[in-house]
>>> print(open('model.cif').read())   # mmCIF, N, CA and C atoms
data_data
#
loop_
_atom_site.label_atom_id
_atom_site.label_comp_id
_atom_site.auth_asym_id
_atom_site.auth_seq_id
_atom_site.Cartn_x
_atom_site.Cartn_y
_atom_site.Cartn_z
N MET Q 7 -5.61 18.55 10.30
CA MET Q 7 -5.19 17.49 9.38
C MET Q 7 -3.68 17.35 9.42
N ARG Q 8 -3.21 16.13 9.25
CA ARG Q 8 -1.78 15.87 9.20
C ARG Q 8 -1.17 16.46 7.92
N ILE Q 9 0.10 16.76 7.98
CA ILE Q 9 0.82 17.20 6.79
C ILE Q 9 1.36 15.93 6.12
N ILE Q 10 0.92 15.70 4.89
CA ILE Q 10 1.30 14.50 4.15
C ILE Q 10 2.41 14.85 3.16
N THR Q 11 3.55 14.18 3.31
CA THR Q 11 4.68 14.42 2.42
C THR Q 11 5.03 13.21 1.57
N GLU Q 12 4.49 12.03 1.94
CA GLU Q 12 4.81 10.80 1.22
C GLU Q 12 3.59 9.90 1.06
N ILE Q 13 3.51 9.26 -0.08
CA ILE Q 13 2.53 8.20 -0.33
C ILE Q 13 3.37 6.95 -0.53
N ILE Q 14 3.21 5.97 0.34
CA ILE Q 14 4.05 4.78 0.30
C ILE Q 14 3.21 3.58 -0.11
N VAL Q 15 3.66 2.91 -1.18
CA VAL Q 15 2.93 1.78 -1.76
C VAL Q 15 3.54 0.47 -1.26
N HIS Q 16 2.66 -0.43 -0.86
CA HIS Q 16 3.01 -1.74 -0.31
C HIS Q 16 2.25 -2.85 -1.05
N CYS Q 17 2.65 -4.09 -0.77
CA CYS Q 17 1.87 -5.27 -1.15
C CYS Q 17 1.61 -6.06 0.11
N THR Q 18 0.62 -6.95 0.07
CA THR Q 18 0.31 -7.76 1.25
C THR Q 18 1.25 -8.94 1.41
N ALA Q 19 2.12 -9.18 0.43
CA ALA Q 19 3.04 -10.33 0.45
C ALA Q 19 2.26 -11.64 0.55
N THR Q 20 1.22 -11.71 -0.27
CA THR Q 20 0.44 -12.94 -0.39
C THR Q 20 0.51 -13.41 -1.83
N LYS Q 21 0.28 -14.71 -2.03
CA LYS Q 21 0.41 -15.28 -3.38
C LYS Q 21 -0.66 -14.74 -4.33
N ALA Q 22 -0.27 -14.62 -5.58
CA ALA Q 22 -1.16 -14.13 -6.64
C ALA Q 22 -2.46 -14.91 -6.63
N GLY Q 23 -3.56 -14.17 -6.73
CA GLY Q 23 -4.88 -14.78 -6.80
C GLY Q 23 -5.52 -15.05 -5.45
N ARG Q 24 -4.76 -14.96 -4.38
CA ARG Q 24 -5.34 -15.19 -3.05
C ARG Q 24 -6.04 -13.92 -2.60
N ASN Q 25 -7.33 -14.01 -2.41
CA ASN Q 25 -8.09 -12.85 -1.95
C ASN Q 25 -7.80 -12.60 -0.48
N VAL Q 26 -7.56 -11.37 -0.14
CA VAL Q 26 -7.30 -10.96 1.24
C VAL Q 26 -8.21 -9.79 1.54
N THR Q 27 -8.87 -9.82 2.68
CA THR Q 27 -9.80 -8.76 3.06
C THR Q 27 -9.15 -7.76 4.02
N VAL Q 28 -9.78 -6.62 4.14
CA VAL Q 28 -9.35 -5.62 5.10
C VAL Q 28 -9.39 -6.22 6.50
N SER Q 29 -10.41 -7.01 6.79
CA SER Q 29 -10.53 -7.64 8.11
C SER Q 29 -9.34 -8.56 8.40
N GLU Q 30 -8.90 -9.31 7.39
CA GLU Q 30 -7.74 -10.19 7.58
C GLU Q 30 -6.49 -9.39 7.89
N ILE Q 31 -6.27 -8.33 7.11
CA ILE Q 31 -5.08 -7.50 7.34
C ILE Q 31 -5.15 -6.86 8.72
N ASP Q 32 -6.33 -6.42 9.10
CA ASP Q 32 -6.54 -5.84 10.42
C ASP Q 32 -6.14 -6.86 11.50
N ALA Q 33 -6.56 -8.10 11.34
CA ALA Q 33 -6.23 -9.15 12.31
C ALA Q 33 -4.72 -9.40 12.34
N TRP Q 34 -4.07 -9.43 11.16
CA TRP Q 34 -2.61 -9.61 11.12
C TRP Q 34 -1.91 -8.51 11.90
N HIS Q 35 -2.36 -7.28 11.68
CA HIS Q 35 -1.71 -6.14 12.33
C HIS Q 35 -1.98 -6.12 13.83
N LYS Q 36 -3.18 -6.46 14.23
CA LYS Q 36 -3.48 -6.55 15.67
C LYS Q 36 -2.62 -7.62 16.32
N ALA Q 37 -2.39 -8.73 15.63
CA ALA Q 37 -1.55 -9.81 16.17
C ALA Q 37 -0.11 -9.33 16.35
N ARG Q 38 0.29 -8.33 15.58
CA ARG Q 38 1.64 -7.75 15.70
C ARG Q 38 1.69 -6.63 16.73
N GLY Q 39 0.54 -6.37 17.38
CA GLY Q 39 0.50 -5.35 18.43
C GLY Q 39 0.01 -3.99 17.99
N PHE Q 40 -0.41 -3.86 16.72
CA PHE Q 40 -0.96 -2.58 16.26
C PHE Q 40 -2.38 -2.42 16.80
N ARG Q 41 -2.81 -1.18 16.93
CA ARG Q 41 -4.17 -0.89 17.38
C ARG Q 41 -5.20 -1.38 16.36
N CYS Q 42 -4.85 -1.24 15.08
CA CYS Q 42 -5.73 -1.66 13.99
C CYS Q 42 -4.88 -1.73 12.72
N ILE Q 43 -5.52 -1.97 11.61
CA ILE Q 43 -4.80 -2.03 10.33
C ILE Q 43 -3.93 -0.79 10.17
N GLY Q 44 -2.73 -0.99 9.67
CA GLY Q 44 -1.79 0.11 9.56
C GLY Q 44 -1.87 0.91 8.28
N TYR Q 45 -2.50 0.34 7.24
CA TYR Q 45 -2.61 1.01 5.94
C TYR Q 45 -3.85 1.90 5.90
N HIS Q 46 -3.77 2.93 5.08
CA HIS Q 46 -4.92 3.82 4.91
C HIS Q 46 -5.86 3.32 3.81
N TYR Q 47 -5.30 2.66 2.80
CA TYR Q 47 -6.11 2.14 1.69
C TYR Q 47 -5.65 0.74 1.33
N VAL Q 48 -6.62 -0.11 0.98
CA VAL Q 48 -6.36 -1.46 0.51
C VAL Q 48 -7.00 -1.62 -0.86
N VAL Q 49 -6.21 -2.10 -1.83
CA VAL Q 49 -6.71 -2.33 -3.19
C VAL Q 49 -6.83 -3.84 -3.41
N GLY Q 50 -8.08 -4.29 -3.56
CA GLY Q 50 -8.36 -5.70 -3.73
C GLY Q 50 -8.05 -6.21 -5.12
N LEU Q 51 -8.10 -7.52 -5.28
CA LEU Q 51 -7.82 -8.15 -6.57
C LEU Q 51 -8.73 -7.63 -7.68
N ASP Q 52 -9.95 -7.30 -7.31
CA ASP Q 52 -10.93 -6.82 -8.30
C ASP Q 52 -10.83 -5.32 -8.57
N GLY Q 53 -9.85 -4.67 -7.94
CA GLY Q 53 -9.67 -3.23 -8.13
C GLY Q 53 -10.47 -2.38 -7.16
N SER Q 54 -11.19 -3.03 -6.26
CA SER Q 54 -11.94 -2.25 -5.26
C SER Q 54 -10.95 -1.57 -4.32
N VAL Q 55 -11.28 -0.35 -3.93
CA VAL Q 55 -10.43 0.41 -3.01
C VAL Q 55 -11.20 0.59 -1.72
N SER Q 56 -10.61 0.13 -0.63
CA SER Q 56 -11.23 0.27 0.68
C SER Q 56 -10.40 1.21 1.53
N GLU Q 57 -11.04 2.23 2.08
CA GLU Q 57 -10.35 3.07 3.05
C GLU Q 57 -10.36 2.29 4.35
N SER Q 58 -9.18 2.06 4.91
CA SER Q 58 -9.11 1.23 6.10
C SER Q 58 -8.82 2.06 7.34
N ARG Q 59 -7.67 2.62 7.46
CA ARG Q 59 -7.39 3.54 8.57
C ARG Q 59 -7.67 4.94 8.06
N PRO Q 60 -8.36 5.76 8.82
CA PRO Q 60 -8.64 7.12 8.33
C PRO Q 60 -7.35 7.89 8.03
N VAL Q 61 -7.34 8.63 6.95
CA VAL Q 61 -6.17 9.41 6.55
C VAL Q 61 -5.79 10.42 7.63
N SER Q 62 -6.75 10.85 8.41
CA SER Q 62 -6.46 11.81 9.48
C SER Q 62 -5.61 11.20 10.60
N GLU Q 63 -5.50 9.87 10.63
CA GLU Q 63 -4.72 9.19 11.66
C GLU Q 63 -3.37 8.75 11.11
N ILE Q 64 -2.36 8.80 11.95
CA ILE Q 64 -1.04 8.31 11.58
C ILE Q 64 -1.13 6.81 11.32
N GLY Q 65 -0.52 6.36 10.25
CA GLY Q 65 -0.54 4.95 9.90
C GLY Q 65 0.50 4.16 10.67
N ALA Q 66 0.54 2.86 10.39
CA ALA Q 66 1.53 1.95 10.97
C ALA Q 66 1.96 1.02 9.86
N HIS Q 67 2.73 1.56 8.91
CA HIS Q 67 3.08 0.79 7.72
C HIS Q 67 4.53 0.93 7.28
N CYS Q 68 5.24 1.94 7.78
CA CYS Q 68 6.61 2.15 7.34
C CYS Q 68 7.39 2.86 8.45
N LEU Q 69 8.16 2.09 9.17
CA LEU Q 69 8.91 2.59 10.31
C LEU Q 69 9.70 3.85 9.94
N GLY Q 70 9.53 4.89 10.74
CA GLY Q 70 10.22 6.14 10.53
C GLY Q 70 9.56 7.09 9.54
N HIS Q 71 8.48 6.63 8.90
CA HIS Q 71 7.81 7.45 7.89
C HIS Q 71 6.30 7.56 8.10
N ASN Q 72 5.79 7.04 9.18
CA ASN Q 72 4.34 6.99 9.38
C ASN Q 72 3.69 8.35 9.61
N ALA Q 73 4.35 9.23 10.33
CA ALA Q 73 3.72 10.49 10.73
C ALA Q 73 3.27 11.34 9.55
N GLY Q 74 4.07 11.36 8.48
CA GLY Q 74 3.74 12.23 7.36
C GLY Q 74 3.39 11.49 6.08
N SER Q 75 2.91 10.27 6.22
CA SER Q 75 2.64 9.50 5.00
C SER Q 75 1.26 8.86 4.99
N ILE Q 76 0.91 8.41 3.81
CA ILE Q 76 -0.30 7.60 3.59
C ILE Q 76 0.18 6.25 3.08
N GLY Q 77 -0.33 5.19 3.70
CA GLY Q 77 0.03 3.84 3.29
C GLY Q 77 -1.03 3.23 2.41
N VAL Q 78 -0.61 2.80 1.22
CA VAL Q 78 -1.50 2.17 0.25
C VAL Q 78 -0.98 0.75 0.02
N VAL Q 79 -1.84 -0.25 0.12
CA VAL Q 79 -1.41 -1.63 -0.09
C VAL Q 79 -2.29 -2.29 -1.14
N TYR Q 80 -1.66 -3.08 -2.01
CA TYR Q 80 -2.45 -3.91 -2.93
C TYR Q 80 -2.32 -5.36 -2.50
N VAL Q 81 -3.35 -6.13 -2.73
CA VAL Q 81 -3.37 -7.54 -2.37
C VAL Q 81 -2.52 -8.31 -3.38
N GLY Q 82 -1.53 -9.03 -2.88
CA GLY Q 82 -0.65 -9.81 -3.73
C GLY Q 82 0.80 -9.50 -3.45
N GLY Q 83 1.64 -9.76 -4.45
CA GLY Q 83 3.06 -9.46 -4.34
C GLY Q 83 3.96 -10.68 -4.36
N LEU Q 84 3.36 -11.89 -4.34
CA LEU Q 84 4.16 -13.11 -4.41
C LEU Q 84 3.67 -14.00 -5.54
N SER Q 85 4.60 -14.66 -6.18
CA SER Q 85 4.26 -15.60 -7.25
C SER Q 85 3.38 -16.73 -6.72
N ALA Q 86 2.37 -17.08 -7.48
CA ALA Q 86 1.51 -18.21 -7.11
C ALA Q 86 2.26 -19.53 -7.22
N VAL Q 87 3.31 -19.56 -8.03
CA VAL Q 87 4.06 -20.80 -8.27
C VAL Q 87 5.01 -21.12 -7.12
N ASP Q 88 5.88 -20.17 -6.79
CA ASP Q 88 6.90 -20.48 -5.79
C ASP Q 88 6.96 -19.51 -4.61
N GLY Q 89 6.07 -18.54 -4.58
CA GLY Q 89 6.04 -17.60 -3.46
C GLY Q 89 7.14 -16.55 -3.48
N SER Q 90 7.86 -16.45 -4.58
CA SER Q 90 8.90 -15.43 -4.68
C SER Q 90 8.26 -14.07 -4.98
N PRO Q 91 8.94 -12.96 -4.64
CA PRO Q 91 8.40 -11.63 -4.93
C PRO Q 91 8.10 -11.47 -6.42
N ALA Q 92 6.92 -10.92 -6.73
CA ALA Q 92 6.52 -10.72 -8.12
C ALA Q 92 5.46 -9.63 -8.18
N ASP Q 93 5.46 -8.90 -9.27
CA ASP Q 93 4.42 -7.91 -9.51
C ASP Q 93 3.17 -8.68 -9.96
N THR Q 94 2.27 -8.91 -9.05
CA THR Q 94 1.08 -9.73 -9.32
C THR Q 94 -0.17 -8.90 -9.50
N ARG Q 95 -0.02 -7.59 -9.67
CA ARG Q 95 -1.20 -6.73 -9.80
C ARG Q 95 -2.06 -7.16 -10.99
N THR Q 96 -3.35 -7.26 -10.74
CA THR Q 96 -4.30 -7.54 -11.81
C THR Q 96 -4.50 -6.26 -12.61
N PRO Q 97 -5.03 -6.36 -13.84
CA PRO Q 97 -5.33 -5.13 -14.59
C PRO Q 97 -6.24 -4.18 -13.79
N ALA Q 98 -7.19 -4.73 -13.06
CA ALA Q 98 -8.09 -3.89 -12.25
C ALA Q 98 -7.32 -3.19 -11.13
N GLN Q 99 -6.37 -3.89 -10.52
CA GLN Q 99 -5.56 -3.28 -9.47
C GLN Q 99 -4.67 -2.17 -10.04
N LYS Q 100 -4.09 -2.42 -11.21
CA LYS Q 100 -3.24 -1.39 -11.82
C LYS Q 100 -4.03 -0.11 -12.07
N LYS Q 101 -5.22 -0.27 -12.61
CA LYS Q 101 -6.09 0.88 -12.89
C LYS Q 101 -6.49 1.58 -11.59
N ALA Q 102 -6.88 0.81 -10.59
CA ALA Q 102 -7.31 1.39 -9.31
C ALA Q 102 -6.16 2.10 -8.60
N LEU Q 103 -4.99 1.49 -8.60
CA LEU Q 103 -3.83 2.12 -7.96
C LEU Q 103 -3.46 3.42 -8.65
N GLN Q 104 -3.50 3.43 -9.97
CA GLN Q 104 -3.19 4.65 -10.73
C GLN Q 104 -4.16 5.76 -10.33
N SER Q 105 -5.43 5.43 -10.30
CA SER Q 105 -6.46 6.41 -9.95
C SER Q 105 -6.32 6.88 -8.50
N LEU Q 106 -6.11 5.95 -7.59
CA LEU Q 106 -5.99 6.29 -6.17
C LEU Q 106 -4.78 7.18 -5.93
N VAL Q 107 -3.62 6.78 -6.42
CA VAL Q 107 -2.41 7.56 -6.18
C VAL Q 107 -2.51 8.93 -6.85
N SER Q 108 -3.06 8.97 -8.04
CA SER Q 108 -3.25 10.26 -8.72
C SER Q 108 -4.15 11.17 -7.90
N GLY Q 109 -5.23 10.62 -7.38
CA GLY Q 109 -6.14 11.41 -6.54
C GLY Q 109 -5.48 11.89 -5.26
N LEU Q 110 -4.67 11.03 -4.65
CA LEU Q 110 -3.98 11.42 -3.42
C LEU Q 110 -2.95 12.51 -3.70
N ARG Q 111 -2.30 12.44 -4.86
CA ARG Q 111 -1.32 13.47 -5.20
C ARG Q 111 -1.99 14.82 -5.44
N LYS Q 112 -3.20 14.80 -5.97
CA LYS Q 112 -3.95 16.05 -6.14
C LYS Q 112 -4.41 16.58 -4.79
N ARG Q 113 -4.84 15.68 -3.93
CA ARG Q 113 -5.32 16.07 -2.60
C ARG Q 113 -4.19 16.59 -1.71
N PHE Q 114 -2.99 16.00 -1.91
CA PHE Q 114 -1.83 16.38 -1.10
C PHE Q 114 -0.69 16.81 -2.03
N PRO Q 115 -0.81 18.01 -2.59
CA PRO Q 115 0.22 18.50 -3.53
C PRO Q 115 1.60 18.49 -2.86
N GLY Q 116 2.56 18.07 -3.61
CA GLY Q 116 3.92 18.02 -3.07
C GLY Q 116 4.29 16.68 -2.45
N ALA Q 117 3.30 15.83 -2.19
CA ALA Q 117 3.61 14.50 -1.63
C ALA Q 117 4.31 13.67 -2.69
N THR Q 118 5.37 13.00 -2.30
CA THR Q 118 6.11 12.14 -3.20
C THR Q 118 5.66 10.70 -3.06
N VAL Q 119 5.83 9.93 -4.12
CA VAL Q 119 5.40 8.53 -4.14
C VAL Q 119 6.62 7.63 -3.98
N HIS Q 120 6.48 6.61 -3.15
CA HIS Q 120 7.58 5.71 -2.86
C HIS Q 120 7.12 4.26 -2.80
N SER Q 121 8.05 3.37 -3.07
CA SER Q 121 7.86 1.94 -2.81
C SER Q 121 8.36 1.68 -1.40
N HIS Q 122 7.70 0.78 -0.69
CA HIS Q 122 8.12 0.45 0.67
C HIS Q 122 9.59 0.02 0.72
N TYR Q 123 10.05 -0.67 -0.32
CA TYR Q 123 11.43 -1.16 -0.31
C TYR Q 123 12.47 -0.05 -0.25
N GLU Q 124 12.07 1.18 -0.53
CA GLU Q 124 13.01 2.29 -0.40
C GLU Q 124 13.41 2.54 1.04
N PHE Q 125 12.57 2.08 1.97
CA PHE Q 125 12.78 2.36 3.39
C PHE Q 125 12.98 1.10 4.24
N ALA Q 126 12.85 -0.06 3.63
CA ALA Q 126 12.98 -1.32 4.38
C ALA Q 126 13.60 -2.38 3.48
N ALA Q 127 14.27 -3.33 4.07
CA ALA Q 127 14.92 -4.41 3.32
C ALA Q 127 13.89 -5.47 2.93
N LYS Q 128 13.01 -5.08 2.01
CA LYS Q 128 11.95 -5.95 1.52
C LYS Q 128 11.80 -5.71 0.02
N ALA Q 129 11.17 -6.64 -0.67
CA ALA Q 129 10.90 -6.45 -2.11
C ALA Q 129 9.61 -5.65 -2.32
N CYS Q 130 8.86 -5.45 -1.29
CA CYS Q 130 7.55 -4.81 -1.30
C CYS Q 130 7.61 -3.42 -1.94
N PRO Q 131 6.81 -3.12 -2.91
CA PRO Q 131 5.64 -3.80 -3.44
C PRO Q 131 5.89 -4.62 -4.70
N CYS Q 132 7.14 -4.91 -5.03
CA CYS Q 132 7.51 -5.75 -6.17
C CYS Q 132 7.35 -5.04 -7.51
N PHE Q 133 7.32 -3.72 -7.50
CA PHE Q 133 7.41 -2.90 -8.70
C PHE Q 133 7.85 -1.51 -8.25
N ASP Q 134 8.28 -0.68 -9.17
CA ASP Q 134 8.78 0.65 -8.84
C ASP Q 134 7.64 1.66 -8.86
N ALA Q 135 7.06 1.88 -7.69
CA ALA Q 135 5.92 2.78 -7.58
C ALA Q 135 6.29 4.23 -7.92
N ALA Q 136 7.48 4.65 -7.54
CA ALA Q 136 7.88 6.03 -7.81
C ALA Q 136 7.92 6.32 -9.31
N SER Q 137 8.50 5.42 -10.09
CA SER Q 137 8.56 5.70 -11.53
C SER Q 137 7.21 5.51 -12.19
N GLU Q 138 6.42 4.57 -11.70
CA GLU Q 138 5.11 4.33 -12.31
C GLU Q 138 4.11 5.43 -12.01
N TYR Q 139 4.19 5.99 -10.82
CA TYR Q 139 3.19 6.99 -10.40
C TYR Q 139 3.77 8.39 -10.26
N GLY Q 140 5.00 8.60 -10.72
CA GLY Q 140 5.59 9.94 -10.66
C GLY Q 140 6.00 10.32 -9.28
N GLY Q 141 7.06 9.72 -8.79
CA GLY Q 141 7.50 9.93 -7.41
C GLY Q 141 8.00 11.32 -7.07
N ASP Q 142 8.46 12.07 -8.08
CA ASP Q 142 9.12 13.37 -7.86
C ASP Q 142 9.59 13.46 -6.43
#
>>> encode(input="model.cif", output="structure tokens")
Amino acid sequence: MRIITEIIVHCTATKAGRNVTVSEIDAWHKARGFRCIGYHYVVGLDGSVSESRPVSEIGAHCLGHNAGSIGVVYVGGLSAVDGSPADTRTPAQKKALQSLVSGLRKRFPGATVHSHYEFAAKACPCFDAASEYGGD
């Protein structure tokens, strides 16, 4: 098993309310030259959590941090009105993300939680994941 030191939270950078499937994200990533979807988990608008890339495999979600991290993405991240960055998480997504990240922290003690924007010039995930989920 890989040594996991970071849990990195992302958004799909899609407008609020737009449903996005794992298959769609997989297609986007393949179009960018990835072997398959780069995230390990996808949290849908309804709070459903889909394991996408196996945790045992290195992800493709955060340049320079993939080897020792798990990538978690929620669907959304842009305002439905003007497409600007916004925390668009539904109540179901907030609950699911809290549960997922908490479970991953128990499974991988010592792993720190980060927002993608800590490592890239992006607004992603449009909220402070480290403070919300205990980044230590």
>>> closest_atom_pairs(input="model.cif", of="segment 31-97 of chain Q", to="segment 120-134 of chain Q", cutoff="6.5 Å", atoms="all atoms listed in the file", output="CSV")
residue,atom,partner,partner_atom,distance
Q:Gly83,CA,Q:Pro131,C,5.6
Q:Pro91,C,Q:Cys132,CA,5.8
Q:Ala92,C,Q:Cys132,CA,4.8
Q:Asp93,CA,Q:Cys132,C,4.6
>>> residues_around(input="model.cif", residues="Ala66 of chain Q", least_positions_apart="5", cutoff="7 Å", atoms="only N, CA and C atoms", output="list of chain:residue names")
Q:Ile43, Q:Gly44, Q:Tyr45, Q:His46, Q:Asn72
>>> atom_distance(input="model.cif", atom1="atom CA of Arg111 of chain Q", atom2="atom C of Ala135 of chain Q")
12.3 Å
>>> resolve_selection(input="model.cif", expression="the PyMOL selection byres ((chain Q and resi 95-110) around 7)", output="list in words")
Val49, Gly50, Leu51, Asp52, Gly53, Ser54, Val55, Val81, Gly82, Gly83, Ala92, Asp93, Thr94, Arg111, Lys112, Arg113, Phe114, Pro115 and Tyr139 of chain Q
>>> resolve_selection(input="model.cif", expression="the PyMOL selection byres ((chain Q and resi 22) around 6)", output="MDAnalysis selection string")
chainID Q and resid 20:21 23:24 82:86 94
>>> resolve_selection(input="model.cif", expression="the PyMOL selection byres ((chain Q and resi 119) around 6)", output="list in words")
Glu12, Ile13, Ile14, Ala117, Thr118, His120, Ser121, Ala135, Ala136, Gly140, Gly141 and Asp142 of chain Q
>>> atom_distance(input="model.cif", atom1="atom N of Gly89 of chain Q", atom2="atom N of Ala19 of chain Q")
11.3 Å
>>> atom_distance(input="model.cif", atom1="atom CA of Cys17 of chain Q", atom2="atom C of Ser62 of chain Q")
21.6 Å
>>> select_by_dssp(input="model.cif", residues="chain Q", states="alpha helix (DSSP H)", output="ChimeraX atom specification")
/Q:28-37,97-113,135-139
>>> closest_residue(input="model.cif", among="Q:Met7, Q:Val15, Q:Lys36, Q:Thr27", to="Ile76 of chain Q", atoms="only N, CA and C atoms")
Q:Val15
>>> axis_aligned_box(input="model.cif", around="segment 56-66 of chain Q", padding_each_side="6 Å", output="JSON")
{"center_x": -4.6, "center_y": 6.0, "center_z": 5.7, "size_x": 25.2, "size_y": 23.7, "size_z": 24.6}
>>> closest_residue(input="model.cif", among="Q:Glu63, Q:Val79, Q:Ala73, Q:Arg41", to="Val28 of chain Q", atoms="only C-alpha atoms")
Q:Val79
>>> select_by_dssp(input="model.cif", residues="segment 26-131 of chain Q", states="strand (DSSP E)", output="PyMOL selection string")
chain Q and resi 47-49+55-57+75-80+83-84+118-121
>>> decode(input="model.cif", residues="segment 40-65 of chain Q", atoms="N, CA and C atoms", output="short mmCIF file (atom, residue, chain, number, x, y, z; two decimals), in the first residue's frame")
data_model
loop_
_atom_site.label_atom_id
_atom_site.label_comp_id
_atom_site.auth_asym_id
_atom_site.auth_seq_id
_atom_site.Cartn_x
_atom_site.Cartn_y
_atom_site.Cartn_z
N PHE Q 40 -4.67 11.70 -19.33
CA PHE Q 40 -4.57 10.81 -18.17
C PHE Q 40 -5.05 9.41 -18.58
N ARG Q 41 -4.56 8.41 -17.88
CA ARG Q 41 -4.99 7.03 -18.12
C ARG Q 41 -6.46 6.85 -17.77
N CYS Q 42 -6.89 7.52 -16.71
CA CYS Q 42 -8.28 7.45 -16.25
C CYS Q 42 -8.51 8.62 -15.30
N ILE Q 43 -9.66 8.65 -14.69
CA ILE Q 43 -9.97 9.71 -13.73
C ILE Q 43 -8.84 9.83 -12.70
N GLY Q 44 -8.50 11.06 -12.38
CA GLY Q 44 -7.37 11.29 -11.49
C GLY Q 44 -7.70 11.29 -10.01
N TYR Q 45 -8.99 11.47 -9.67
CA TYR Q 45 -9.42 11.53 -8.28
C TYR Q 45 -9.72 10.13 -7.75
N HIS Q 46 -9.56 9.98 -6.44
CA HIS Q 46 -9.88 8.70 -5.81
C HIS Q 46 -11.35 8.61 -5.41
N TYR Q 47 -11.93 9.76 -5.06
CA TYR Q 47 -13.34 9.79 -4.65
C TYR Q 47 -14.04 10.99 -5.28
N VAL Q 48 -15.30 10.78 -5.66
CA VAL Q 48 -16.15 11.83 -6.21
C VAL Q 48 -17.40 11.92 -5.34
N VAL Q 49 -17.73 13.14 -4.89
CA VAL Q 49 -18.92 13.35 -4.08
C VAL Q 49 -19.95 14.09 -4.93
N GLY Q 50 -21.05 13.40 -5.21
CA GLY Q 50 -22.10 13.95 -6.06
C GLY Q 50 -22.97 14.96 -5.34
N LEU Q 51 -23.82 15.63 -6.11
CA LEU Q 51 -24.72 16.64 -5.56
C LEU Q 51 -25.61 16.08 -4.46
N ASP Q 52 -25.98 14.82 -4.60
CA ASP Q 52 -26.87 14.18 -3.63
C ASP Q 52 -26.14 13.61 -2.42
N GLY Q 53 -24.82 13.82 -2.37
CA GLY Q 53 -24.03 13.31 -1.26
C GLY Q 53 -23.50 11.90 -1.47
N SER Q 54 -23.80 11.33 -2.62
CA SER Q 54 -23.27 9.99 -2.90
C SER Q 54 -21.75 10.07 -3.06
N VAL Q 55 -21.07 9.06 -2.56
CA VAL Q 55 -19.61 9.01 -2.67
C VAL Q 55 -19.25 7.83 -3.56
N SER Q 56 -18.53 8.13 -4.63
CA SER Q 56 -18.10 7.09 -5.55
C SER Q 56 -16.59 6.96 -5.48
N GLU Q 57 -16.12 5.74 -5.26
CA GLU Q 57 -14.68 5.51 -5.36
C GLU Q 57 -14.39 5.41 -6.84
N SER Q 58 -13.47 6.23 -7.32
CA SER Q 58 -13.21 6.27 -8.75
C SER Q 58 -11.88 5.62 -9.09
N ARG Q 59 -10.79 6.20 -8.71
CA ARG Q 59 -9.49 5.55 -8.90
C ARG Q 59 -9.17 4.82 -7.60
N PRO Q 60 -8.73 3.58 -7.67
CA PRO Q 60 -8.42 2.87 -6.42
C PRO Q 60 -7.37 3.61 -5.59
N VAL Q 61 -7.57 3.64 -4.29
CA VAL Q 61 -6.65 4.32 -3.38
C VAL Q 61 -5.25 3.72 -3.48
N SER Q 62 -5.16 2.46 -3.84
CA SER Q 62 -3.85 1.81 -3.96
C SER Q 62 -3.03 2.36 -5.13
N GLU Q 63 -3.68 3.10 -6.04
CA GLU Q 63 -3.00 3.68 -7.19
C GLU Q 63 -2.71 5.16 -6.98
N ILE Q 64 -1.59 5.61 -7.49
CA ILE Q 64 -1.25 7.03 -7.44
C ILE Q 64 -2.28 7.80 -8.25
N GLY Q 65 -2.76 8.90 -7.71
CA GLY Q 65 -3.74 9.72 -8.40
C GLY Q 65 -3.11 10.65 -9.42
#
